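Enquirer: One file: protein.cif (mmCIF, C-alpha atoms).
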data_start
loop_
_atom_site.label_atom_id
_atom_site.label_comp_id
_atom_site.auth_asym_id
_atom_site.auth_seq_id
_atom_site.Cartn_x
_atom_site.Cartn_y
_atom_site.Cartn_z
CA MET A 784 97.86 130.01 99.14
CA GLY A 785 95.29 132.76 99.00
CA ASP A 786 93.25 134.50 101.69
CA LYS A 787 91.31 131.33 102.45
CA PHE A 788 94.28 130.10 104.51
CA GLY A 789 94.68 133.32 106.44
CA GLU A 790 94.08 131.76 109.87
CA VAL A 791 96.04 128.54 109.33
CA ASP A 792 99.19 128.34 111.42
CA PHE A 793 101.80 127.03 109.02
CA ASN A 794 104.37 127.00 111.81
CA VAL A 795 102.92 123.69 113.03
CA PRO A 796 102.86 120.51 110.93
CA PRO A 797 99.68 119.49 109.10
CA SER A 798 99.27 116.58 111.51
CA LYS A 799 98.53 119.20 114.20
CA ARG A 800 96.11 121.21 112.03
CA GLN A 801 93.65 118.53 110.98
CA GLY A 802 95.88 117.36 108.12
CA LEU A 803 95.37 120.57 106.15
CA ALA A 804 98.33 120.96 103.78
CA PHE A 805 98.91 122.36 100.32
CA LYS A 806 100.83 120.60 97.55
CA GLY A 807 103.74 123.02 97.59
CA GLU A 808 104.26 122.33 101.27
CA ILE A 809 104.44 118.57 100.65
CA ARG A 810 106.79 118.99 97.69
CA ALA A 811 109.08 121.27 99.68
CA ASN A 812 109.29 118.71 102.47
CA ILE A 813 110.14 115.94 100.00
CA LYS A 814 112.86 118.08 98.43
CA LEU A 815 114.25 118.98 101.84
CA ARG A 816 114.64 115.33 102.83
CA ILE A 817 116.17 114.08 99.55
CA PRO A 818 118.00 117.07 97.98
CA ASP A 819 120.20 114.83 95.81
CA PHE A 820 117.23 113.03 94.25
CA PRO A 821 116.70 115.34 91.23
CA ASN A 822 120.37 114.99 90.24
CA LEU A 823 120.03 111.21 90.08
CA PHE A 824 117.16 111.58 87.65
CA ALA A 825 119.12 114.15 85.65
CA THR A 826 121.86 111.57 85.05
CA ALA A 827 119.32 108.97 83.90
CA GLU A 828 117.56 111.43 81.61
CA GLU A 829 120.87 112.42 79.99
CA GLU A 830 121.44 108.79 79.04
CA LEU A 831 117.79 108.43 78.08
CA HIS A 832 118.12 111.26 75.57
CA ILE A 833 120.87 109.39 73.75
CA THR A 834 118.89 106.14 73.81
CA VAL A 835 115.75 107.83 72.51
CA ARG A 836 117.59 109.42 69.60
CA LYS A 837 119.18 106.13 68.60
CA PHE A 838 115.96 104.18 69.09
CA PHE A 839 113.88 106.29 66.73
CA THR A 840 116.71 106.53 64.21
CA GLU A 841 117.62 102.85 64.04
CA THR A 842 114.34 101.02 64.73
CA THR A 843 112.66 99.75 61.55
CA ASN A 844 109.71 98.04 63.28
CA LYS A 845 107.06 100.75 63.19
CA SER A 846 104.98 99.11 65.92
CA ALA A 847 108.04 99.08 68.17
CA THR A 848 108.65 102.79 67.59
CA ILE A 849 105.08 103.65 68.59
CA ILE A 850 105.36 101.56 71.75
CA GLY A 851 108.68 103.28 72.44
CA ASN A 852 106.91 106.62 72.09
CA HIS A 853 104.47 105.52 74.79
CA ALA A 854 107.18 104.18 77.06
CA PHE A 855 109.55 107.15 76.89
CA ASN A 856 106.72 109.61 77.51
CA ASP A 857 105.31 107.59 80.40
CA PHE A 858 108.76 107.36 81.96
CA ASP A 859 108.94 111.15 81.77
CA ASN A 860 105.53 111.35 83.46
CA LEU A 861 106.71 108.92 86.13
CA VAL A 862 109.75 111.08 86.88
CA ASP A 863 107.63 114.22 87.29
CA SER A 864 105.19 112.38 89.56
CA LEU A 865 107.88 110.88 91.79
CA LEU A 866 109.62 114.23 92.24
CA THR A 867 106.41 115.71 93.65
CA GLY A 868 105.05 112.65 95.48
CA ASP A 869 102.05 112.40 93.14
CA GLY A 870 101.49 108.71 93.73
CA ARG A 871 98.25 108.33 91.76
CA SER A 872 99.83 109.67 88.58
CA ALA A 873 102.96 107.63 89.28
CA ALA A 874 100.85 104.46 89.61
CA ARG A 875 99.15 105.09 86.28
CA ALA A 876 102.50 105.68 84.57
CA SER A 877 104.06 102.61 86.20
CA ARG A 878 101.30 100.21 85.20
CA SER A 879 101.49 101.57 81.65
CA LEU A 880 105.25 100.95 81.58
CA TYR A 881 104.55 97.28 82.32
CA GLU A 882 102.16 97.10 79.37
CA HIS A 883 104.68 98.83 77.10
CA LEU A 884 107.37 96.36 78.15
CA VAL A 885 105.18 93.34 77.36
CA ASN A 886 103.83 94.83 74.14
CA TYR A 887 107.30 95.75 72.91
CA CYS A 888 108.46 92.17 73.38
CA GLU A 889 105.34 90.94 71.58
CA VAL A 890 105.66 93.08 68.44
CA ALA A 891 109.44 92.69 68.35
CA SER A 892 109.14 88.91 68.29
CA SER A 893 106.08 88.46 66.03
CA PRO A 894 105.56 90.17 62.64
CA LYS A 895 101.87 89.21 62.80
CA ALA A 896 101.48 90.85 66.21
CA ALA A 897 103.27 93.93 64.88
CA GLU A 898 100.84 94.13 61.97
CA ARG A 899 97.81 93.73 64.25
CA TYR A 900 99.16 96.49 66.48
CA LEU A 901 99.39 98.93 63.55
CA GLN A 902 96.03 98.05 62.05
CA HIS A 903 94.31 98.74 65.37
CA SER A 904 94.84 102.45 64.66
CA ALA A 905 91.75 102.19 62.41
CA VAL A 906 89.67 101.31 65.47
CA THR A 907 91.03 104.37 67.27
CA ALA A 908 90.24 106.61 64.30
CA ASP A 909 86.68 105.27 64.18
CA LEU A 910 86.23 105.86 67.90
CA LEU A 911 87.59 109.39 67.65
CA GLY A 912 85.17 110.12 64.82
CA ASN A 913 82.29 109.19 67.13
CA ILE A 914 83.27 111.72 69.79
CA THR A 915 81.03 114.56 68.64
CA HIS A 916 79.69 115.92 71.93
CA GLY A 917 82.17 118.81 71.76
CA LEU A 918 80.45 120.16 68.65
CA ARG A 919 77.70 121.80 70.70
CA TYR A 920 80.28 124.07 72.31
CA LEU A 921 81.53 125.34 68.96
CA LYS A 922 79.80 127.87 66.74
CA GLY A 923 79.54 128.77 63.08
CA VAL A 924 82.47 127.98 60.79
CA THR A 925 84.51 126.44 63.61
CA GLN A 926 81.76 123.92 64.35
CA LYS A 927 81.33 123.07 60.67
CA ARG A 928 85.04 122.46 60.19
CA GLU A 929 85.23 120.21 63.23
CA ARG A 930 82.16 118.26 62.14
CA ASN A 931 83.70 117.73 58.70
CA ARG A 932 87.02 116.68 60.25
CA LEU A 933 85.38 114.04 62.42
CA ALA A 934 83.29 112.74 59.53
CA LYS A 935 86.40 112.47 57.34
CA LEU A 936 88.22 110.65 60.13
CA LYS A 937 85.52 107.98 60.25
CA ARG A 938 85.23 107.81 56.46
CA ASP A 939 88.96 107.33 55.94
CA ALA A 940 89.14 104.71 58.69
CA LEU A 941 86.28 102.59 57.32
CA PRO A 942 88.20 100.65 54.59
CA ARG A 943 91.03 99.85 57.00
CA LEU A 944 88.52 98.87 59.66
CA ARG A 945 86.74 96.45 57.29
CA ASP A 946 90.04 94.88 56.25
CA ALA A 947 91.04 94.44 59.87
CA PHE A 948 87.75 92.76 60.79
CA THR A 949 88.07 90.50 57.74
CA ASN A 950 91.60 89.50 58.73
CA PHE A 951 91.24 89.31 62.50
CA GLY A 952 87.53 89.00 63.31
CA ALA A 953 85.04 91.25 65.11
CA THR A 954 86.81 90.87 68.48
CA PHE A 955 89.63 92.96 67.04
CA ARG A 956 87.63 96.06 67.95
CA ARG A 957 88.08 95.23 71.65
CA ASP A 958 91.85 94.59 71.65
CA TRP A 959 94.69 94.68 69.13
CA SER A 960 96.24 91.43 70.36
CA SER A 961 94.90 87.91 69.94
CA ARG A 962 96.18 87.12 73.47
CA ASN A 963 95.41 88.79 76.76
CA LEU A 964 98.11 90.73 78.60
CA TYR A 965 98.87 87.95 81.07
CA ASP A 966 99.46 85.38 78.33
CA ARG A 967 101.68 87.80 76.46
CA ALA A 968 103.61 88.57 79.64
CA LYS A 969 104.06 84.87 80.43
CA SER A 970 105.42 84.07 76.98
CA HIS A 971 108.10 86.75 77.41
CA GLY A 972 108.99 85.91 81.00
CA TYR A 973 107.24 88.81 82.75
CA ASP A 974 104.28 87.04 84.33
CA GLY A 975 105.96 87.31 87.76
CA GLU A 976 105.26 91.06 87.74
CA TYR A 977 101.63 90.71 86.66
CA ASP A 978 100.17 90.91 90.17
CA THR A 979 102.07 94.16 90.73
CA TYR A 980 100.52 95.46 87.52
CA ARG A 981 97.10 94.49 88.84
CA VAL A 982 97.67 96.41 92.09
CA LEU A 983 98.78 99.53 90.21
CA SER A 984 95.81 99.20 87.85
CA GLN A 985 93.38 99.56 90.74
CA VAL A 986 94.01 103.31 90.66
CA THR A 987 93.03 103.52 86.98
CA HIS A 988 90.03 101.24 87.42
CA GLY A 989 88.79 103.00 90.55
CA SER A 990 88.87 99.77 92.58
CA CYS A 991 88.48 99.89 96.35
CA GLY A 992 92.18 99.21 96.92
CA GLY A 993 93.16 102.03 94.60
CA VAL A 994 92.85 104.62 97.38
CA LEU A 995 96.07 103.37 98.99
CA GLY A 996 97.73 106.29 100.75
CA SER A 997 94.70 108.57 100.68
CA TYR A 998 92.33 106.67 102.96
CA THR A 999 92.75 105.38 106.50
CA GLU A 1000 90.95 104.77 109.79
CA LEU A 1001 91.69 107.05 112.74
CA SER A 1002 90.06 106.53 116.14
CA GLY A 1003 87.23 104.57 114.58
CA ALA A 1004 86.54 107.16 111.87
CA TYR A 1005 87.32 106.80 108.17
CA VAL A 1006 89.47 109.67 106.93
CA HIS A 1007 89.93 110.53 103.25
CA ARG A 1008 92.75 112.71 101.97
CA ILE A 1009 92.61 114.74 98.78
CA GLY A 1010 96.10 115.27 97.40
CA PRO A 1011 99.33 113.32 96.87
CA SER A 1012 99.28 109.62 97.78
CA LEU A 1013 102.79 109.08 99.11
CA ASP A 1014 102.23 105.35 99.69
CA LEU A 1015 101.46 104.92 95.99
CA ALA A 1016 104.51 106.99 95.07
CA ILE A 1017 106.71 104.64 97.11
CA LEU A 1018 105.24 101.58 95.40
CA SER A 1019 105.30 103.10 91.92
CA TYR A 1020 108.90 104.26 92.26
CA LEU A 1021 110.35 100.77 92.59
CA GLU A 1022 107.99 99.03 90.19
CA GLY A 1023 107.87 101.67 87.47
CA LEU A 1024 111.64 102.10 87.35
CA SER A 1025 112.10 98.33 87.30
CA PHE A 1026 109.67 97.97 84.39
CA PHE A 1027 111.45 100.69 82.44
CA ARG A 1028 114.86 99.20 83.20
CA SER A 1029 113.62 95.91 81.72
CA PHE A 1030 112.34 97.82 78.70
CA ALA A 1031 115.78 99.36 78.17
CA THR A 1032 117.40 95.94 78.57
CA GLU A 1033 115.06 94.44 75.97
CA ILE A 1034 115.95 97.18 73.49
CA GLU A 1035 119.59 96.21 73.61
CA ALA A 1036 118.87 92.48 73.51
CA ARG A 1037 116.44 92.68 70.59
CA GLN A 1038 117.82 95.56 68.53
CA SER A 1039 121.49 95.78 69.53
CA ILE A 1040 120.99 99.42 70.56
CA GLU A 1041 123.45 100.01 73.38
CA THR A 1042 121.58 100.91 76.58
CA ARG A 1043 124.09 99.84 79.26
CA LYS A 1044 124.74 103.38 80.52
CA LEU A 1045 121.01 104.04 80.75
CA VAL A 1046 120.46 100.76 82.61
CA SER A 1047 123.32 101.65 84.97
CA ALA A 1048 121.72 105.01 85.73
CA LEU A 1049 118.37 103.28 86.33
CA ASP A 1050 120.13 100.79 88.63
CA ALA A 1051 121.38 103.72 90.70
CA LEU A 1052 117.84 105.05 90.97
CA VAL A 1053 116.46 101.66 92.01
CA ALA A 1054 119.20 101.39 94.65
CA TYR A 1055 118.11 104.80 95.97
CA TRP A 1056 114.58 103.53 96.62
CA PRO A 1057 115.06 102.86 100.39
CA THR A 1058 116.11 106.50 100.85
CA TYR A 1059 113.15 107.75 98.82
CA ARG A 1060 110.84 105.41 100.72
CA GLN A 1061 111.94 106.63 104.15
CA ALA A 1062 111.71 110.29 103.11
CA LEU A 1063 108.12 109.88 101.92
CA LEU A 1064 107.15 107.86 104.98
CA ASP A 1065 108.44 110.75 107.12
CA VAL A 1066 106.51 113.30 105.07
CA ASP A 1067 103.38 111.14 105.29
CA LYS A 1068 103.57 111.16 109.10
CA TYR A 1069 104.02 114.94 108.91
CA VAL A 1070 100.83 115.31 106.88
CA TRP A 1071 98.27 112.81 108.21
CA PRO A 1072 96.19 114.27 111.06
CA ASP A 1073 96.64 112.92 114.57
CA SER A 1074 92.88 112.54 114.95
CA PRO A 1075 89.85 112.64 112.62
CA PRO A 1076 89.33 116.18 111.27
CA ILE A 1077 86.23 118.04 112.37
CA SER A 1078 83.55 118.07 109.70
CA PRO A 1079 82.09 121.33 108.34
CA VAL A 1080 79.51 122.78 110.70
CA ALA A 1081 76.20 124.57 110.19
CA ILE A 1082 76.08 127.80 112.22
CA MET A 1083 72.99 129.79 113.20
CA ALA A 1084 73.52 133.45 114.02
CA HIS A 1085 70.79 135.42 115.87
CA TYR A 1086 71.16 139.19 115.40
CA PRO A 1087 69.78 141.85 117.80
CA ASN A 1088 66.94 142.71 115.39
CA GLY A 1089 65.70 139.11 115.58
CA ARG A 1090 67.01 138.06 112.19
CA VAL A 1091 68.59 134.61 111.93
CA ARG A 1092 71.33 133.95 109.41
CA TRP A 1093 73.02 130.67 108.45
CA PHE A 1094 76.75 130.12 107.94
CA PHE A 1095 78.97 127.29 106.73
CA LEU A 1096 81.96 126.88 109.08
CA GLU A 1097 85.13 125.14 107.88
CA PRO A 1098 86.99 124.31 111.11
CA ALA A 1099 90.21 123.42 109.26
CA ILE A 1100 90.75 127.07 108.36
CA ASN A 1101 88.52 128.65 111.04
CA LYS A 1102 86.51 130.59 108.48
CA LEU A 1103 82.88 130.82 107.43
CA LYS A 1104 80.78 131.49 104.38
CA ILE A 1105 77.22 132.80 104.33
CA ALA A 1106 75.01 129.78 103.63
CA ASP A 1107 71.61 129.08 102.19
CA PRO A 1108 69.13 128.13 104.93
CA PRO A 1109 68.34 124.41 105.03
CA PRO A 1110 64.87 123.30 103.84
CA ASP A 1111 61.97 123.78 106.25
CA CYS A 1112 64.10 125.59 108.79
CA ASP A 1113 61.52 128.04 110.17
CA TRP A 1114 60.88 125.95 113.29
CA LEU A 1115 64.64 125.61 113.89
CA GLU A 1116 65.10 129.36 113.73
CA GLU A 1117 62.12 129.99 116.04
CA ARG A 1118 63.36 127.51 118.63
CA PHE A 1119 66.79 129.13 118.49
CA ARG A 1120 65.20 132.58 119.06
CA ASP A 1121 63.41 131.15 122.09
CA GLN A 1122 66.65 129.88 123.58
CA VAL A 1123 68.37 133.23 123.02
CA ARG A 1124 65.43 135.09 124.65
CA GLU A 1125 65.47 132.70 127.59
CA GLY A 1126 69.16 133.41 128.15
CA ASP A 1127 70.40 129.88 127.59
CA PHE A 1128 73.70 131.23 126.24
CA ALA A 1129 76.43 132.76 128.39
CA LEU A 1130 77.28 136.04 126.68
CA PRO A 1131 79.92 138.73 127.33
CA PRO A 1132 78.55 142.00 128.77
CA ASN A 1133 78.92 144.08 125.60
CA MET A 1134 78.01 142.36 122.34
CA ASP A 1135 78.26 145.58 120.28
CA GLY A 1136 75.57 144.37 117.88
CA ARG A 1137 77.22 141.01 117.28
CA PRO A 1138 75.02 137.95 116.74
CA VAL A 1139 74.55 135.10 119.16
CA THR A 1140 75.90 132.03 117.39
CA ALA A 1141 75.75 128.26 117.88
CA ALA A 1142 76.61 125.15 115.92
CA VAL A 1143 73.52 123.21 114.86
CA ALA A 1144 73.51 119.45 115.36
CA GLY A 1145 72.29 117.17 112.58
CA VAL A 1146 71.98 119.91 109.94
CA GLN A 1147 74.01 120.53 106.79
CA VAL A 1148 74.14 123.78 104.86
CA THR A 1149 75.64 124.86 101.54
CA PRO A 1150 77.53 128.15 101.06
CA LYS A 1151 75.73 130.72 98.95
CA ALA A 1152 76.94 131.17 95.41
CA ASP A 1153 79.85 133.64 95.19
CA SER A 1154 80.01 134.05 98.98
CA GLN A 1155 83.43 134.94 100.35
CA TRP A 1156 85.33 133.48 103.30
CA ILE A 1157 84.85 135.41 106.55
CA THR A 1158 87.17 135.17 109.55
CA ALA A 1159 85.31 133.15 112.18
CA GLY A 1160 86.15 135.64 114.91
CA ALA A 1161 84.19 138.33 113.07
CA ILE A 1162 80.93 136.38 113.40
CA LEU A 1163 81.12 133.84 116.18
CA THR A 1164 80.05 135.07 119.59
CA PRO A 1165 83.03 135.87 121.84
CA ARG A 1166 82.92 133.94 125.08
CA GLY A 1167 83.99 136.24 127.86
CA GLY A 1168 86.75 137.64 125.69
CA GLU A 1169 88.34 134.22 125.33
CA LYS A 1170 88.12 131.65 122.56
CA SER A 1171 86.27 128.59 123.76
CA ALA A 1172 84.36 125.67 122.32
CA LEU A 1173 81.48 126.71 120.09
CA PRO A 1174 78.15 125.98 121.88
CA TRP A 1175 75.89 123.45 120.18
CA PHE A 1176 72.22 123.90 119.51
CA ASN A 1177 70.43 120.55 119.31
CA PRO A 1178 66.87 121.15 118.03
CA THR A 1179 65.82 117.54 118.74
CA SER A 1180 66.84 117.66 122.41
CA SER A 1181 64.04 117.74 124.97
CA THR A 1182 66.11 119.88 127.36
#
Would you mind giving the structure from this file in structure tokens?
Expert:
Amino acid sequence: MGDKFGEVDFNVPPSKRQGLAFKGEIRANIKLRIPDFPNLFATAEEELHITVRKFFTETTNKSATIIGNHAFNDFDNLVDSLLTGDGRSAARASRSLYEHLVNYCEVASSPKAAERYLQHSAVTADLLGNITHGLRYLKGVTQKRERNRLAKLKRDALPRLRDAFTNFGATFRRDWSSRNLYDRAKSHGYDGEYDTYRVLSQVTHGSCGGVLGSYTELSGAYVHRIGPSLDLAILSYLEGLSFFRSFATEIEARQSIETRKLVSALDALVAYWPTYRQALLDVDKYVWPDSPPISPVAIMAHYPNGRVRWFFLEPAINKLKIADPPPDCDWLEERFRDQVREGDFALPPNMDGRPVTAAVAGVQVTPKADSQWITAGAILTPRGGEKSALPWFNPTSST
């Protein structure tokens, strides 16, 4: 956790400490509530290993093997994400599993589609050859070799690219298939899941709805959470596993590769979803704050020698960093000196050289580069020996 969290009381839930939590804490709470969950996945992955070995050994359709490579790896990513409650990653893996399911059915049922799928690798090679911005970070021989490698990649792709455009037209650069995903899904009987795919895709596309589970309204304030989206994990669990179960079923139906044991293990995982859902809902309540967290605060500190210093206070951890003064702050500092001289602040009898401090309304400050966290109690003015609300200095007030 590091020294930054030194004043956080981890004996109370995050909901009681402004929602401040670390990922390990969330993962531990998930594991505590569903201890048997990893074993269920272990059973499925044992059967998956056998399926994967048979799939790559027996499949002769090269396009299908590449799509299988995508699907098996994304299922692995989905598993890792669900175990830790990483809903955003789980959503991306789940929506990809839907695409792999549809694309597998497409190339397995159409030799022309399978050929288009393979030839689209020339477009990828051409695009990769254009990504040269990394060259400026390389030096000497290393840079020269990388430049030559990228040039060769584009050069070798050019004949295949021309052939593909001749055969399939210029629109081939945009997409390997002659049909959009929805039309492909409909022709293979998976259009009913398309809206779910669209919801999951909002995370990848950065749509407004894609912040599900990390954005809410509390007491009239909009609160954003950085970290695991447990709502998205709940959604992605059921949908992603269902997509992959359909993928496994299609393998057996189209290639006669026995996947019944794998499907049975996936069925057990799908049936476990209500337990997973409730566990993550409980953890989510444990994490979300009861009320909107206090924003970072600009602090002015007036020292006995008349110097004024600025600090950045993070209330969530009750620590400060030395901050750069805000622009044109001379008048603010002078008005604050006047208030200190006039005795507008109730101070304890012996300050022992400590500064007089106050939060400043309507001002934002930025911590100085390389500044370290300081315990708030070492800077903030003690109020009669007791902790109390930090006094506010409002420079625009007429009183």
Enquirer: Do you know which residues the PyMOL selection byres ((chain A and resi 1136) around 8) returns on this file, as an NGL selection string?
Expert: :A and (1086-1087 or 1134-1135 or 1137-1138)
Enquirer: Suppose you want the space between CA of Arg943 in chain A and CA of Leu884 in chain A; what is it in Å?
Expert: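 CA of Leu884 in chain A lies at a distance of 27.0 Å from CA of Arg943 in chain A.
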Enquirer: Using all atoms listed in the file, which of the listed residues (A:Ser961, A:Arg871, A:Gln1038, A:Asp819) sits closest to His988 in chain A?
Expert: A:Arg871
Enquirer: Please expand the PyMOL selection byres ((chain A and resi 823-829) around 10) into the concrete residues it hits in this file, giving the result as a CSV table (one decimal) with C-alpha atoms, in the coordinates of the input.
Expert:
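See out.csv below for the written result:
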chain,number,residue,atom,x,y,z
A,819,ASP,CA,120.2,114.8,95.8
A,820,PHE,CA,117.2,113.0,94.2
A,821,PRO,CA,116.7,115.3,91.2
A,822,ASN,CA,120.4,115.0,90.2
A,830,GLU,CA,121.4,108.8,79.0
A,831,LEU,CA,117.8,108.4,78.1
A,832,HIS,CA,118.1,111.3,75.6
A,833,ILE,CA,120.9,109.4,73.8
A,834,THR,CA,118.9,106.1,73.8
A,835,VAL,CA,115.8,107.8,72.5
A,858,PHE,CA,108.8,107.4,82.0
A,859,ASP,CA,108.9,111.2,81.8
A,862,VAL,CA,109.8,111.1,86.9
A,863,ASP,CA,107.6,114.2,87.3
A,866,LEU,CA,109.6,114.2,92.2
A,1044,LYS,CA,124.7,103.4,80.5
A,1045,LEU,CA,121.0,104.0,80.8
A,1046,VAL,CA,120.5,100.8,82.6
A,1047,SER,CA,123.3,101.6,85.0
A,1048,ALA,CA,121.7,105.0,85.7
A,1049,LEU,CA,118.4,103.3,86.3
A,1050,ASP,CA,120.1,100.8,88.6
A,1051,ALA,CA,121.4,103.7,90.7
A,1052,LEU,CA,117.8,105.0,91.0
A,1055,TYR,CA,118.1,104.8,96.0
Enquirer: Which residues match the PyMOL selection byres ((chain A and resi 846) around 7) in the file above, as a ChimeraX atom specification?
Expert: /A:844-845,847-850,890,897,900-901
Enquirer: Output the selection as a tab-separated table (two decimals), in the coordinates of the input - C-alpha atoms for each residue.
Expert:
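And here's selection-v2.tsv as it stands now:
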chain	number	residue	atom	x	y	z
A	844	ASN	CA	109.71	98.04	63.28
A	845	LYS	CA	107.06	100.75	63.19
A	847	ALA	CA	108.04	99.08	68.17
A	848	THR	CA	108.65	102.79	67.59
A	849	ILE	CA	105.08	103.65	68.59
A	850	ILE	CA	105.36	101.56	71.75
A	890	VAL	CA	105.66	93.08	68.44
A	897	ALA	CA	103.27	93.93	64.88
A	900	TYR	CA	99.16	96.49	66.48
A	901	LEU	CA	99.39	98.93	63.55
Enquirer: Which residues come within 12 Å of Cys1112 in chain A, counting only C-alpha atoms, excluding same-chain residues fewer than 5 positions away, as a list of chain:residue names?
Expert: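 Listed by chain and then number, they are A:Met1083, A:Val1091, A:Arg1092, A:Trp1093, A:Asp1107, A:Glu1117, A:Arg1118, A:Phe1119, A:Val1143, A:Val1146, A:Gln1147, A:Val1148, A:Pro1178.
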Enquirer: Any idea what the distance is between CA of Val1080 in chain A and CA of Gly1126 in chain A?
Expert: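 Straight-line distance from CA of Val1080 in chain A to CA of Gly1126 in chain A works out to 22.9 Å.
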Enquirer: In Å, rounded to a single decimal, give me how far CA of Phe1026 in chain A is from CA of Tyr881 in chain A.
Expert: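 Pair CA of Tyr881 in chain A / CA of Phe1026 in chain A returns 5.6 Å.
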Enquirer: Give me, as a VMD selection string, all polymer residues having an atom no more than 10 Å from Ser1039 in chain A, counting all atoms listed in the file and skipping those fewer than 6 positions away in the same chain.
Expert: chain A and resid 841 1032 to 1033
